[in-house]
Each structure stands twice: as C-alpha cells, then as structure tokens.
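S.K.: Structure file protein-v8.cif (mmCIF, N, CA and C atoms) is given on the next line.
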data_upload
loop_
_atom_site.label_atom_id
_atom_site.label_comp_id
_atom_site.auth_asym_id
_atom_site.auth_seq_id
_atom_site.Cartn_x
_atom_site.Cartn_y
_atom_site.Cartn_z
N GLN J 1 -10.26 22.63 -105.95
CA GLN J 1 -9.59 21.84 -104.91
C GLN J 1 -10.52 20.71 -104.46
N VAL J 2 -9.92 19.56 -104.20
CA VAL J 2 -10.69 18.39 -103.81
C VAL J 2 -10.52 18.14 -102.32
N HIS J 3 -11.63 17.87 -101.67
CA HIS J 3 -11.61 17.57 -100.25
C HIS J 3 -12.11 16.15 -100.03
N MET J 4 -11.37 15.40 -99.20
CA MET J 4 -11.75 14.04 -98.84
C MET J 4 -11.94 14.02 -97.33
N VAL J 5 -13.14 13.74 -96.88
CA VAL J 5 -13.43 13.76 -95.45
C VAL J 5 -13.82 12.36 -94.99
N GLU J 6 -13.03 11.83 -94.08
CA GLU J 6 -13.24 10.48 -93.58
C GLU J 6 -13.87 10.51 -92.19
N SER J 7 -14.55 9.44 -91.87
CA SER J 7 -15.11 9.29 -90.53
C SER J 7 -15.32 7.82 -90.23
N GLY J 8 -15.47 7.49 -88.95
CA GLY J 8 -15.86 6.15 -88.57
C GLY J 8 -14.80 5.30 -87.89
N GLY J 9 -13.58 5.80 -87.77
CA GLY J 9 -12.56 5.00 -87.10
C GLY J 9 -12.81 4.93 -85.61
N GLY J 10 -11.98 4.15 -84.91
CA GLY J 10 -12.12 4.06 -83.47
C GLY J 10 -11.47 2.82 -82.91
N LEU J 11 -11.82 2.54 -81.66
CA LEU J 11 -11.29 1.38 -80.94
C LEU J 11 -12.38 0.33 -80.81
N VAL J 12 -12.03 -0.89 -81.14
CA VAL J 12 -13.00 -1.98 -81.08
C VAL J 12 -12.28 -3.25 -80.64
N GLN J 13 -13.01 -4.14 -80.00
CA GLN J 13 -12.44 -5.42 -79.61
C GLN J 13 -12.38 -6.37 -80.80
N ALA J 14 -11.48 -7.31 -80.73
CA ALA J 14 -11.38 -8.33 -81.78
C ALA J 14 -12.72 -9.01 -81.95
N GLY J 15 -13.09 -9.20 -83.22
CA GLY J 15 -14.39 -9.78 -83.54
C GLY J 15 -15.47 -8.76 -83.77
N GLY J 16 -15.19 -7.52 -83.43
CA GLY J 16 -16.17 -6.45 -83.60
C GLY J 16 -16.21 -5.90 -84.99
N SER J 17 -17.01 -4.84 -85.15
CA SER J 17 -17.22 -4.23 -86.46
C SER J 17 -17.07 -2.71 -86.39
N LEU J 18 -16.67 -2.15 -87.51
CA LEU J 18 -16.64 -0.70 -87.69
C LEU J 18 -17.02 -0.40 -89.13
N ARG J 19 -17.55 0.81 -89.35
CA ARG J 19 -17.87 1.25 -90.70
C ARG J 19 -17.20 2.58 -90.95
N LEU J 20 -16.37 2.62 -91.97
CA LEU J 20 -15.71 3.85 -92.37
C LEU J 20 -16.47 4.50 -93.52
N SER J 21 -16.47 5.82 -93.51
CA SER J 21 -17.09 6.58 -94.60
C SER J 21 -16.11 7.62 -95.10
N CYS J 22 -16.23 7.96 -96.37
CA CYS J 22 -15.38 8.99 -96.95
C CYS J 22 -16.15 9.71 -98.05
N ALA J 23 -16.27 11.01 -97.90
CA ALA J 23 -16.97 11.83 -98.88
C ALA J 23 -15.97 12.70 -99.62
N ALA J 24 -16.04 12.67 -100.93
CA ALA J 24 -15.16 13.49 -101.77
C ALA J 24 -15.96 14.63 -102.36
N SER J 25 -15.39 15.81 -102.36
CA SER J 25 -16.08 16.97 -102.92
C SER J 25 -15.09 17.89 -103.58
N GLY J 26 -15.58 18.68 -104.54
CA GLY J 26 -14.73 19.61 -105.23
C GLY J 26 -15.33 19.97 -106.57
N SER J 27 -15.01 21.13 -107.05
CA SER J 27 -15.59 21.58 -108.32
C SER J 27 -15.00 20.79 -109.48
N SER J 28 -15.84 20.47 -110.43
CA SER J 28 -15.41 19.75 -111.63
C SER J 28 -14.65 18.48 -111.30
N PHE J 29 -15.12 17.80 -110.30
CA PHE J 29 -14.42 16.60 -109.84
C PHE J 29 -15.26 15.38 -110.17
N SER J 30 -14.75 14.59 -111.12
CA SER J 30 -15.44 13.36 -111.49
C SER J 30 -14.54 12.17 -111.15
N ILE J 31 -15.11 11.22 -110.49
CA ILE J 31 -14.33 10.10 -109.94
C ILE J 31 -14.41 8.88 -110.84
N ARG J 32 -13.26 8.25 -111.03
CA ARG J 32 -13.16 7.00 -111.76
C ARG J 32 -13.29 5.82 -110.80
N ALA J 33 -12.58 5.91 -109.67
CA ALA J 33 -12.59 4.82 -108.69
C ALA J 33 -12.29 5.38 -107.31
N MET J 34 -12.74 4.67 -106.29
CA MET J 34 -12.44 5.04 -104.91
C MET J 34 -11.98 3.81 -104.16
N GLY J 35 -11.30 4.04 -103.06
CA GLY J 35 -10.83 2.89 -102.32
C GLY J 35 -10.32 3.25 -100.94
N TRP J 36 -9.88 2.21 -100.25
CA TRP J 36 -9.31 2.35 -98.92
C TRP J 36 -7.95 1.69 -98.88
N TYR J 37 -7.02 2.37 -98.24
CA TYR J 37 -5.69 1.85 -98.00
C TYR J 37 -5.44 1.95 -96.50
N ARG J 38 -4.43 1.23 -96.03
CA ARG J 38 -4.10 1.33 -94.61
C ARG J 38 -2.59 1.26 -94.42
N GLN J 39 -2.17 1.84 -93.30
CA GLN J 39 -0.75 1.83 -92.97
C GLN J 39 -0.58 1.58 -91.48
N ALA J 40 0.04 0.48 -91.16
CA ALA J 40 0.34 0.14 -89.78
C ALA J 40 1.72 0.68 -89.42
N PRO J 41 1.97 0.88 -88.13
CA PRO J 41 3.28 1.43 -87.72
C PRO J 41 4.44 0.58 -88.25
N GLY J 42 5.40 1.25 -88.86
CA GLY J 42 6.58 0.56 -89.37
C GLY J 42 6.37 -0.20 -90.66
N LYS J 43 5.18 -0.06 -91.25
CA LYS J 43 4.89 -0.79 -92.49
C LYS J 43 4.51 0.18 -93.60
N GLN J 44 4.58 -0.32 -94.84
CA GLN J 44 4.18 0.50 -95.97
C GLN J 44 2.66 0.55 -96.09
N ARG J 45 2.19 1.60 -96.72
CA ARG J 45 0.75 1.71 -96.99
C ARG J 45 0.36 0.60 -97.96
N GLU J 46 -0.77 -0.03 -97.69
CA GLU J 46 -1.22 -1.14 -98.53
C GLU J 46 -2.68 -0.99 -98.90
N LEU J 47 -3.01 -1.55 -100.05
CA LEU J 47 -4.38 -1.51 -100.52
C LEU J 47 -5.25 -2.42 -99.66
N VAL J 48 -6.43 -1.93 -99.32
CA VAL J 48 -7.42 -2.75 -98.62
C VAL J 48 -8.51 -3.17 -99.58
N ALA J 49 -9.13 -2.19 -100.23
CA ALA J 49 -10.21 -2.48 -101.16
C ALA J 49 -10.43 -1.29 -102.08
N THR J 50 -10.87 -1.57 -103.31
CA THR J 50 -11.21 -0.52 -104.25
C THR J 50 -12.53 -0.85 -104.93
N ILE J 51 -13.17 0.20 -105.47
CA ILE J 51 -14.42 0.02 -106.20
C ILE J 51 -14.46 1.04 -107.32
N THR J 52 -14.84 0.59 -108.52
CA THR J 52 -14.90 1.47 -109.68
C THR J 52 -16.28 2.09 -109.80
N ASN J 53 -16.38 3.00 -110.77
CA ASN J 53 -17.68 3.62 -111.06
C ASN J 53 -18.74 2.57 -111.37
N GLY J 54 -18.31 1.53 -112.04
CA GLY J 54 -19.26 0.49 -112.42
C GLY J 54 -19.55 -0.53 -111.33
N GLY J 55 -18.88 -0.39 -110.18
CA GLY J 55 -19.16 -1.29 -109.07
C GLY J 55 -18.22 -2.48 -108.96
N THR J 56 -17.22 -2.53 -109.82
CA THR J 56 -16.26 -3.63 -109.72
C THR J 56 -15.39 -3.43 -108.48
N THR J 57 -15.27 -4.48 -107.68
CA THR J 57 -14.52 -4.38 -106.44
C THR J 57 -13.26 -5.24 -106.47
N ASN J 58 -12.32 -4.85 -105.63
CA ASN J 58 -11.07 -5.58 -105.49
C ASN J 58 -10.67 -5.51 -104.03
N TYR J 59 -10.25 -6.65 -103.47
CA TYR J 59 -9.92 -6.71 -102.04
C TYR J 59 -8.53 -7.32 -101.84
N GLN J 60 -7.88 -6.85 -100.80
CA GLN J 60 -6.69 -7.55 -100.33
C GLN J 60 -7.13 -8.90 -99.81
N GLU J 61 -6.31 -9.90 -100.06
CA GLU J 61 -6.69 -11.26 -99.70
C GLU J 61 -7.05 -11.42 -98.23
N SER J 62 -6.34 -10.73 -97.35
CA SER J 62 -6.53 -10.93 -95.91
C SER J 62 -7.86 -10.38 -95.40
N VAL J 63 -8.55 -9.55 -96.19
CA VAL J 63 -9.81 -8.98 -95.73
C VAL J 63 -11.02 -9.54 -96.46
N LYS J 64 -10.77 -10.39 -97.45
CA LYS J 64 -11.89 -10.98 -98.20
C LYS J 64 -12.80 -11.76 -97.26
N GLY J 65 -14.10 -11.55 -97.43
CA GLY J 65 -15.08 -12.22 -96.59
C GLY J 65 -15.35 -11.51 -95.28
N ARG J 66 -14.52 -10.54 -94.92
CA ARG J 66 -14.73 -9.78 -93.68
C ARG J 66 -15.07 -8.32 -93.95
N PHE J 67 -14.48 -7.73 -94.97
CA PHE J 67 -14.70 -6.32 -95.30
C PHE J 67 -15.54 -6.22 -96.57
N THR J 68 -16.36 -5.18 -96.62
CA THR J 68 -17.16 -4.91 -97.81
C THR J 68 -17.05 -3.43 -98.17
N ILE J 69 -16.65 -3.16 -99.40
CA ILE J 69 -16.58 -1.78 -99.88
C ILE J 69 -17.81 -1.49 -100.71
N SER J 70 -18.33 -0.29 -100.56
CA SER J 70 -19.49 0.13 -101.36
C SER J 70 -19.38 1.63 -101.59
N ARG J 71 -20.19 2.14 -102.51
CA ARG J 71 -20.13 3.56 -102.77
C ARG J 71 -21.48 4.08 -103.22
N ASP J 72 -21.67 5.37 -102.99
CA ASP J 72 -22.85 6.09 -103.46
C ASP J 72 -22.33 7.10 -104.47
N ASN J 73 -22.50 6.81 -105.75
CA ASN J 73 -21.96 7.67 -106.79
C ASN J 73 -22.60 9.06 -106.79
N THR J 74 -23.85 9.14 -106.36
CA THR J 74 -24.54 10.43 -106.35
C THR J 74 -23.95 11.36 -105.30
N LYS J 75 -23.32 10.78 -104.28
CA LYS J 75 -22.74 11.57 -103.20
C LYS J 75 -21.21 11.54 -103.21
N ASN J 76 -20.62 10.87 -104.18
CA ASN J 76 -19.15 10.70 -104.21
C ASN J 76 -18.64 10.20 -102.86
N THR J 77 -19.34 9.23 -102.32
CA THR J 77 -19.01 8.70 -101.00
C THR J 77 -18.71 7.22 -101.09
N VAL J 78 -17.67 6.80 -100.38
CA VAL J 78 -17.32 5.39 -100.34
C VAL J 78 -17.35 4.93 -98.89
N TYR J 79 -17.74 3.68 -98.70
CA TYR J 79 -17.87 3.10 -97.37
C TYR J 79 -17.02 1.83 -97.28
N LEU J 80 -16.59 1.52 -96.07
CA LEU J 80 -15.91 0.26 -95.82
C LEU J 80 -16.50 -0.35 -94.56
N GLN J 81 -17.28 -1.41 -94.75
CA GLN J 81 -17.84 -2.14 -93.62
C GLN J 81 -16.84 -3.21 -93.22
N MET J 82 -16.38 -3.14 -91.99
CA MET J 82 -15.35 -4.06 -91.51
C MET J 82 -15.93 -4.92 -90.40
N ASN J 83 -16.03 -6.21 -90.65
CA ASN J 83 -16.55 -7.17 -89.67
C ASN J 83 -15.45 -8.13 -89.26
N SER J 84 -15.69 -8.83 -88.17
CA SER J 84 -14.72 -9.82 -87.67
C SER J 84 -13.32 -9.24 -87.61
N LEU J 85 -13.21 -8.07 -87.04
CA LEU J 85 -11.92 -7.38 -87.01
C LEU J 85 -10.90 -8.13 -86.17
N LYS J 86 -9.66 -8.04 -86.60
CA LYS J 86 -8.54 -8.71 -85.93
C LYS J 86 -7.51 -7.66 -85.49
N PRO J 87 -6.72 -7.98 -84.49
CA PRO J 87 -5.68 -7.02 -84.07
C PRO J 87 -4.76 -6.60 -85.21
N GLU J 88 -4.52 -7.49 -86.16
CA GLU J 88 -3.65 -7.15 -87.28
C GLU J 88 -4.31 -6.18 -88.26
N ASP J 89 -5.57 -5.87 -88.08
CA ASP J 89 -6.23 -4.85 -88.89
C ASP J 89 -5.95 -3.45 -88.35
N THR J 90 -5.31 -3.36 -87.21
CA THR J 90 -4.99 -2.06 -86.62
C THR J 90 -4.07 -1.27 -87.54
N ALA J 91 -4.50 -0.06 -87.86
CA ALA J 91 -3.74 0.80 -88.78
C ALA J 91 -4.46 2.13 -88.93
N VAL J 92 -3.79 3.05 -89.60
CA VAL J 92 -4.47 4.26 -90.06
C VAL J 92 -5.03 3.94 -91.44
N TYR J 93 -6.32 4.18 -91.61
CA TYR J 93 -7.00 3.89 -92.86
C TYR J 93 -7.18 5.18 -93.65
N TYR J 94 -6.78 5.13 -94.92
CA TYR J 94 -6.84 6.30 -95.79
C TYR J 94 -7.81 6.06 -96.93
N CYS J 95 -8.64 7.04 -97.16
CA CYS J 95 -9.53 7.02 -98.31
C CYS J 95 -8.78 7.54 -99.54
N ASN J 96 -9.10 6.97 -100.69
CA ASN J 96 -8.42 7.33 -101.93
C ASN J 96 -9.45 7.50 -103.03
N ALA J 97 -9.21 8.48 -103.89
CA ALA J 97 -10.07 8.66 -105.07
C ALA J 97 -9.19 8.95 -106.27
N VAL J 98 -9.58 8.37 -107.40
CA VAL J 98 -8.88 8.61 -108.66
C VAL J 98 -9.86 9.24 -109.62
N SER J 99 -9.47 10.41 -110.15
CA SER J 99 -10.39 11.13 -111.03
C SER J 99 -10.35 10.56 -112.44
N LEU J 100 -11.28 11.04 -113.28
CA LEU J 100 -11.31 10.61 -114.68
C LEU J 100 -10.01 10.99 -115.40
N ALA J 101 -9.33 12.02 -114.90
CA ALA J 101 -8.05 12.44 -115.47
C ALA J 101 -6.88 11.75 -114.79
N PHE J 102 -7.16 10.73 -113.98
CA PHE J 102 -6.15 9.92 -113.29
C PHE J 102 -5.36 10.71 -112.25
N MET J 103 -5.97 11.76 -111.71
CA MET J 103 -5.38 12.43 -110.55
C MET J 103 -5.78 11.64 -109.31
N THR J 104 -4.86 11.54 -108.35
CA THR J 104 -5.13 10.78 -107.14
C THR J 104 -5.24 11.70 -105.94
N TYR J 105 -6.24 11.44 -105.12
CA TYR J 105 -6.49 12.26 -103.94
C TYR J 105 -6.58 11.36 -102.72
N TRP J 106 -6.15 11.89 -101.57
CA TRP J 106 -6.14 11.12 -100.33
C TRP J 106 -6.85 11.87 -99.22
N GLY J 107 -7.48 11.10 -98.34
CA GLY J 107 -8.03 11.66 -97.13
C GLY J 107 -6.94 11.82 -96.08
N GLN J 108 -7.32 12.36 -94.93
CA GLN J 108 -6.34 12.65 -93.89
C GLN J 108 -6.01 11.41 -93.05
N GLY J 109 -6.81 10.38 -93.18
CA GLY J 109 -6.57 9.16 -92.43
C GLY J 109 -7.42 9.09 -91.17
N THR J 110 -7.84 7.88 -90.83
CA THR J 110 -8.60 7.67 -89.60
C THR J 110 -8.05 6.42 -88.92
N GLN J 111 -7.84 6.51 -87.62
CA GLN J 111 -7.22 5.42 -86.87
C GLN J 111 -8.24 4.33 -86.56
N VAL J 112 -7.85 3.10 -86.84
CA VAL J 112 -8.63 1.93 -86.44
C VAL J 112 -7.73 1.09 -85.53
N THR J 113 -8.20 0.85 -84.32
CA THR J 113 -7.44 0.05 -83.36
C THR J 113 -8.30 -1.11 -82.91
N VAL J 114 -7.76 -2.32 -83.05
CA VAL J 114 -8.47 -3.53 -82.67
C VAL J 114 -7.72 -4.17 -81.52
N SER J 115 -8.37 -4.27 -80.38
CA SER J 115 -7.73 -4.84 -79.20
C SER J 115 -8.01 -6.34 -79.12
N SER J 116 -7.05 -7.06 -78.59
CA SER J 116 -7.21 -8.53 -78.49
C SER J 116 -7.85 -8.94 -77.18
#
Show the structure stored in the file as structure tokens.
M.R.:
Amino acid sequence: QVHMVESGGGLVQAGGSLRLSCAASGSSFSIRAMGWYRQAPGKQRELVATITNGGTTNYQESVKGRFTISRDNTKNTVYLQMNSLKPEDTAVYYCNAVSLAFMTYWGQGTQVTVSS
C-alpha cells in the first residue's frame, strides 16, 4: 500500500509564500514522476506542476515564475515552493505520484488560502 503524506498548507496574505511537502512511502514503490494539482471550489482539479525522475519540470502557465517544484528522490519527497501568492491560488492542493508501472496515487489534500 502506498501512503502520500502532505504538509505545509495554510492561510497567507497576497504576496506571501508557502512551501508544500509530500512524502510517498510504500513497499516496492518506485516513482516515475511526482506533481501537484489543485482544486478550487466549483472548479475541476488542475495541474500545477510536475517533475520527473530526471528532474524535468512542467508548470501551469499561471504559476510560472512564482512556483518552483523540486524533489528528493532518495526520500520520495516532492516540494512546491509558492511565492507571490495571489487570491486565485486559493484551493486544495493535492500531491500526485505516478509509479514505474503507471499507477497513480494521490495525497489527501492540503488547503491553501490566500487573502487579499
């Protein structure tokens, strides 16, 4: 069984910063890629950023230059540094991992609220 444990959400004023962390664990669990998605009230879940084993990153256009995704492969942990936060970044943020066998796993979600 795979466990995804997220941390780091909270309430911050516009222009502030937050750092999200997500650790994946489980027996015989090898990760191909990890990432962050978010879902705002009344909206569909959307990709925020992803990073592969080799370090290739991909960002949603609206967060480019403000958010940075990184990972520690030795710890199966992915991070999302969020700077210059805007009220429209308010959402539940979900950690995602894709295994070498293309199985997808999700964290429980962490709330990020940006006040104006």
S.K.: My list of candidates is J:Ser99, J:Gln108, J:Gln1, J:Ser25. Which is closest to Lys75 of chain J when distances are computed with only C-alpha atoms?
M.R.: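 Closest residue, counting only C-alpha atoms: J:Ser25.
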S.K.: Figure out the distance between atom CA of Ile69 of chain J and atom CA of Cys22 of chain J, please, to one decimal in Å.
M.R.: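 Answer for the atom CA of Cys22 of chain J to atom CA of Ile69 of chain J separation: 11.2 Å.
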S.K.: I'd like to know which residues of segment 3-115 of chain J are strand (DSSP E or B) (by DSSP, run on the backbone); could you write them as a CSV table (one decimal) with N, CA and C atoms, in the frame of the given file?
M.R.:
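Below is the file that was written, selection_26.csv:
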chain,number,residue,atom,x,y,z
J,3,HIS,N,-11.6,17.9,-101.7
J,3,HIS,CA,-11.6,17.6,-100.2
J,3,HIS,C,-12.1,16.2,-100.0
J,4,MET,N,-11.4,15.4,-99.2
J,4,MET,CA,-11.8,14.0,-98.8
J,4,MET,C,-11.9,14.0,-97.3
J,5,VAL,N,-13.1,13.7,-96.9
J,5,VAL,CA,-13.4,13.8,-95.4
J,5,VAL,C,-13.8,12.4,-95.0
J,6,GLU,N,-13.0,11.8,-94.1
J,6,GLU,CA,-13.2,10.5,-93.6
J,6,GLU,C,-13.9,10.5,-92.2
J,7,SER,N,-14.6,9.4,-91.9
J,7,SER,CA,-15.1,9.3,-90.5
J,7,SER,C,-15.3,7.8,-90.2
J,10,GLY,N,-12.0,4.2,-84.9
J,10,GLY,CA,-12.1,4.1,-83.5
J,10,GLY,C,-11.5,2.8,-82.9
J,11,LEU,N,-11.8,2.5,-81.7
J,11,LEU,CA,-11.3,1.4,-80.9
J,11,LEU,C,-12.4,0.3,-80.8
J,12,VAL,N,-12.0,-0.9,-81.1
J,12,VAL,CA,-13.0,-2.0,-81.1
J,12,VAL,C,-12.3,-3.2,-80.6
J,13,GLN,N,-13.0,-4.1,-80.0
J,13,GLN,CA,-12.4,-5.4,-79.6
J,13,GLN,C,-12.4,-6.4,-80.8
J,18,LEU,N,-16.7,-2.2,-87.5
J,18,LEU,CA,-16.6,-0.7,-87.7
J,18,LEU,C,-17.0,-0.4,-89.1
J,19,ARG,N,-17.6,0.8,-89.4
J,19,ARG,CA,-17.9,1.2,-90.7
J,19,ARG,C,-17.2,2.6,-91.0
J,20,LEU,N,-16.4,2.6,-92.0
J,20,LEU,CA,-15.7,3.8,-92.4
J,20,LEU,C,-16.5,4.5,-93.5
J,21,SER,N,-16.5,5.8,-93.5
J,21,SER,CA,-17.1,6.6,-94.6
J,21,SER,C,-16.1,7.6,-95.1
J,22,CYS,N,-16.2,8.0,-96.4
J,22,CYS,CA,-15.4,9.0,-97.0
J,22,CYS,C,-16.2,9.7,-98.0
J,23,ALA,N,-16.3,11.0,-97.9
J,23,ALA,CA,-17.0,11.8,-98.9
J,23,ALA,C,-16.0,12.7,-99.6
J,24,ALA,N,-16.0,12.7,-100.9
J,24,ALA,CA,-15.2,13.5,-101.8
J,24,ALA,C,-16.0,14.6,-102.4
J,25,SER,N,-15.4,15.8,-102.4
J,25,SER,CA,-16.1,17.0,-102.9
J,25,SER,C,-15.1,17.9,-103.6
J,31,ILE,N,-15.1,11.2,-110.5
J,31,ILE,CA,-14.3,10.1,-109.9
J,31,ILE,C,-14.4,8.9,-110.8
J,32,ARG,N,-13.3,8.2,-111.0
J,32,ARG,CA,-13.2,7.0,-111.8
J,32,ARG,C,-13.3,5.8,-110.8
J,33,ALA,N,-12.6,5.9,-109.7
J,33,ALA,CA,-12.6,4.8,-108.7
J,33,ALA,C,-12.3,5.4,-107.3
J,34,MET,N,-12.7,4.7,-106.3
J,34,MET,CA,-12.4,5.0,-104.9
J,34,MET,C,-12.0,3.8,-104.2
J,35,GLY,N,-11.3,4.0,-103.1
J,35,GLY,CA,-10.8,2.9,-102.3
J,35,GLY,C,-10.3,3.2,-100.9
J,36,TRP,N,-9.9,2.2,-100.2
J,36,TRP,CA,-9.3,2.4,-98.9
J,36,TRP,C,-8.0,1.7,-98.9
J,37,TYR,N,-7.0,2.4,-98.2
J,37,TYR,CA,-5.7,1.8,-98.0
J,37,TYR,C,-5.4,2.0,-96.5
J,38,ARG,N,-4.4,1.2,-96.0
J,38,ARG,CA,-4.1,1.3,-94.6
J,38,ARG,C,-2.6,1.3,-94.4
J,39,GLN,N,-2.2,1.8,-93.3
J,39,GLN,CA,-0.8,1.8,-93.0
J,39,GLN,C,-0.6,1.6,-91.5
J,46,GLU,N,-0.8,0.0,-97.7
J,46,GLU,CA,-1.2,-1.1,-98.5
J,46,GLU,C,-2.7,-1.0,-98.9
J,47,LEU,N,-3.0,-1.6,-100.0
J,47,LEU,CA,-4.4,-1.5,-100.5
J,47,LEU,C,-5.2,-2.4,-99.7
J,48,VAL,N,-6.4,-1.9,-99.3
J,48,VAL,CA,-7.4,-2.8,-98.6
J,48,VAL,C,-8.5,-3.2,-99.6
J,49,ALA,N,-9.1,-2.2,-100.2
J,49,ALA,CA,-10.2,-2.5,-101.2
J,49,ALA,C,-10.4,-1.3,-102.1
J,50,THR,N,-10.9,-1.6,-103.3
J,50,THR,CA,-11.2,-0.5,-104.2
J,50,THR,C,-12.5,-0.8,-104.9
J,51,ILE,N,-13.2,0.2,-105.5
J,51,ILE,CA,-14.4,0.0,-106.2
J,51,ILE,C,-14.5,1.0,-107.3
J,52,THR,N,-14.8,0.6,-108.5
J,52,THR,CA,-14.9,1.5,-109.7
J,52,THR,C,-16.3,2.1,-109.8
J,57,THR,N,-15.3,-4.5,-107.7
J,57,THR,CA,-14.5,-4.4,-106.4
J,57,THR,C,-13.3,-5.2,-106.5
J,58,ASN,N,-12.3,-4.8,-105.6
J,58,ASN,CA,-11.1,-5.6,-105.5
J,58,ASN,C,-10.7,-5.5,-104.0
J,59,TYR,N,-10.2,-6.6,-103.5
J,59,TYR,CA,-9.9,-6.7,-102.0
J,59,TYR,C,-8.5,-7.3,-101.8
J,67,PHE,N,-14.5,-7.7,-95.0
J,67,PHE,CA,-14.7,-6.3,-95.3
J,67,PHE,C,-15.5,-6.2,-96.6
J,68,THR,N,-16.4,-5.2,-96.6
J,68,THR,CA,-17.2,-4.9,-97.8
J,68,THR,C,-17.0,-3.4,-98.2
J,69,ILE,N,-16.6,-3.2,-99.4
J,69,ILE,CA,-16.6,-1.8,-99.9
J,69,ILE,C,-17.8,-1.5,-100.7
J,70,SER,N,-18.3,-0.3,-100.6
J,70,SER,CA,-19.5,0.1,-101.4
J,70,SER,C,-19.4,1.6,-101.6
J,71,ARG,N,-20.2,2.1,-102.5
J,71,ARG,CA,-20.1,3.6,-102.8
J,71,ARG,C,-21.5,4.1,-103.2
J,72,ASP,N,-21.7,5.4,-103.0
J,72,ASP,CA,-22.8,6.1,-103.5
J,72,ASP,C,-22.3,7.1,-104.5
J,77,THR,N,-19.3,9.2,-102.3
J,77,THR,CA,-19.0,8.7,-101.0
J,77,THR,C,-18.7,7.2,-101.1
J,78,VAL,N,-17.7,6.8,-100.4
J,78,VAL,CA,-17.3,5.4,-100.3
J,78,VAL,C,-17.4,4.9,-98.9
J,79,TYR,N,-17.7,3.7,-98.7
J,79,TYR,CA,-17.9,3.1,-97.4
J,79,TYR,C,-17.0,1.8,-97.3
J,80,LEU,N,-16.6,1.5,-96.1
J,80,LEU,CA,-15.9,0.3,-95.8
J,80,LEU,C,-16.5,-0.4,-94.6
J,81,GLN,N,-17.3,-1.4,-94.8
J,81,GLN,CA,-17.8,-2.1,-93.6
J,81,GLN,C,-16.8,-3.2,-93.2
J,82,MET,N,-16.4,-3.1,-92.0
J,82,MET,CA,-15.4,-4.1,-91.5
J,82,MET,C,-15.9,-4.9,-90.4
J,91,ALA,N,-4.5,-0.1,-87.9
J,91,ALA,CA,-3.7,0.8,-88.8
J,91,ALA,C,-4.5,2.1,-88.9
J,92,VAL,N,-3.8,3.0,-89.6
J,92,VAL,CA,-4.5,4.3,-90.1
J,92,VAL,C,-5.0,3.9,-91.4
J,93,TYR,N,-6.3,4.2,-91.6
J,93,TYR,CA,-7.0,3.9,-92.9
J,93,TYR,C,-7.2,5.2,-93.6
J,94,TYR,N,-6.8,5.1,-94.9
J,94,TYR,CA,-6.8,6.3,-95.8
J,94,TYR,C,-7.8,6.1,-96.9
J,95,CYS,N,-8.6,7.0,-97.2
J,95,CYS,CA,-9.5,7.0,-98.3
J,95,CYS,C,-8.8,7.5,-99.5
J,96,ASN,N,-9.1,7.0,-100.7
J,96,ASN,CA,-8.4,7.3,-101.9
J,96,ASN,C,-9.4,7.5,-103.0
J,97,ALA,N,-9.2,8.5,-103.9
J,97,ALA,CA,-10.1,8.7,-105.1
J,97,ALA,C,-9.2,9.0,-106.3
J,98,VAL,N,-9.6,8.4,-107.4
J,98,VAL,CA,-8.9,8.6,-108.7
J,98,VAL,C,-9.9,9.2,-109.6
J,99,SER,N,-9.5,10.4,-110.2
J,99,SER,CA,-10.4,11.1,-111.0
J,99,SER,C,-10.4,10.6,-112.4
J,104,THR,N,-4.9,11.5,-108.4
J,104,THR,CA,-5.1,10.8,-107.1
J,104,THR,C,-5.2,11.7,-105.9
J,105,TYR,N,-6.2,11.4,-105.1
J,105,TYR,CA,-6.5,12.3,-103.9
J,105,TYR,C,-6.6,11.4,-102.7
J,106,TRP,N,-6.2,11.9,-101.6
J,106,TRP,CA,-6.1,11.1,-100.3
J,106,TRP,C,-6.8,11.9,-99.2
J,110,THR,N,-7.8,7.9,-90.8
J,110,THR,CA,-8.6,7.7,-89.6
J,110,THR,C,-8.0,6.4,-88.9
J,111,GLN,N,-7.8,6.5,-87.6
J,111,GLN,CA,-7.2,5.4,-86.9
J,111,GLN,C,-8.2,4.3,-86.6
J,112,VAL,N,-7.8,3.1,-86.8
J,112,VAL,CA,-8.6,1.9,-86.4
J,112,VAL,C,-7.7,1.1,-85.5
J,113,THR,N,-8.2,0.8,-84.3
J,113,THR,CA,-7.4,0.0,-83.4
J,113,THR,C,-8.3,-1.1,-82.9
J,114,VAL,N,-7.8,-2.3,-83.0
J,114,VAL,CA,-8.5,-3.5,-82.7
J,114,VAL,C,-7.7,-4.2,-81.5
J,115,SER,N,-8.4,-4.3,-80.4
J,115,SER,CA,-7.7,-4.8,-79.2
J,115,SER,C,-8.0,-6.3,-79.1
S.K.: So which residues of chain J fall under helix (DSSP H, G or I) by DSSP, listed as number ranges by chain?
M.R.: J: 61-63, 87-89
S.K.: What is the distance between atom CA of Val92 of chain J and atom CA of Asn76 of chain J, in Å to one decimal?
M.R.: 21.4 Å
S.K.: Measuring between all atoms listed in the file, which one of J:Gly42, J:Gly65, J:Gly15, J:Gly26 shows the shortest distance to Pro87 of chain J?
M.R.: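 That would be J:Gly15, the residue with the smallest distance to Pro87 of chain J.
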S.K.: Looking at only C-alpha atoms, which of J:Phe67, J:Tyr37, J:Tyr59, J:Trp106 is the one that sits closest to Ser84 of chain J?
M.R.: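 Result for the nearest residue to Ser84 of chain J: J:Phe67.
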S.K.: Rank J:Asn96, J:Gly109, J:Val114, J:Gly55 by their smallest atom-to-atom distance to Gln39 of chain J, using only C-alpha atoms, and report the top residue only.
M.R.: J:Gly109
S.K.: Applied to this file, what does the PyMOL selection byres (((chain J and resi 115 and name CA) around 10) and name CA) return in terms of residues, put as an NGL selection string?
M.R.: :J and (11-16 or 85-90 or 112-114 or 116)
S.K.: Identify the residues around (-14.3, -3.5, -96.4) within a radius of 8 Å, measuring from only N, CA and C atoms in the coordinates stated by the file, and give them as a list in words.
M.R.: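 Those residues lying close to the given coordinates are Leu20, Val48, Ala49, Thr50, Tyr59, Val63, Lys64, Arg66, Phe67, Thr68, Ile69, Ser70, Tyr79, Leu80, Gln81, Met82 and Asn83 of chain J.
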S.K.: Rounded to one decimal in Å, what is the spacing between atom CA of Ala97 of chain J and atom CA of Arg32 of chain J?
M.R.: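 Computing the Euclidean distance for atom CA of Ala97 of chain J and atom CA of Arg32 of chain J yields 7.6 Å.
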S.K.: Run the PyMOL selection byres ((chain J and resi 98) around 7) on the file and write out the hits as a ChimeraX atom specification.
M.R.: /J:30-35,96-97,99-105
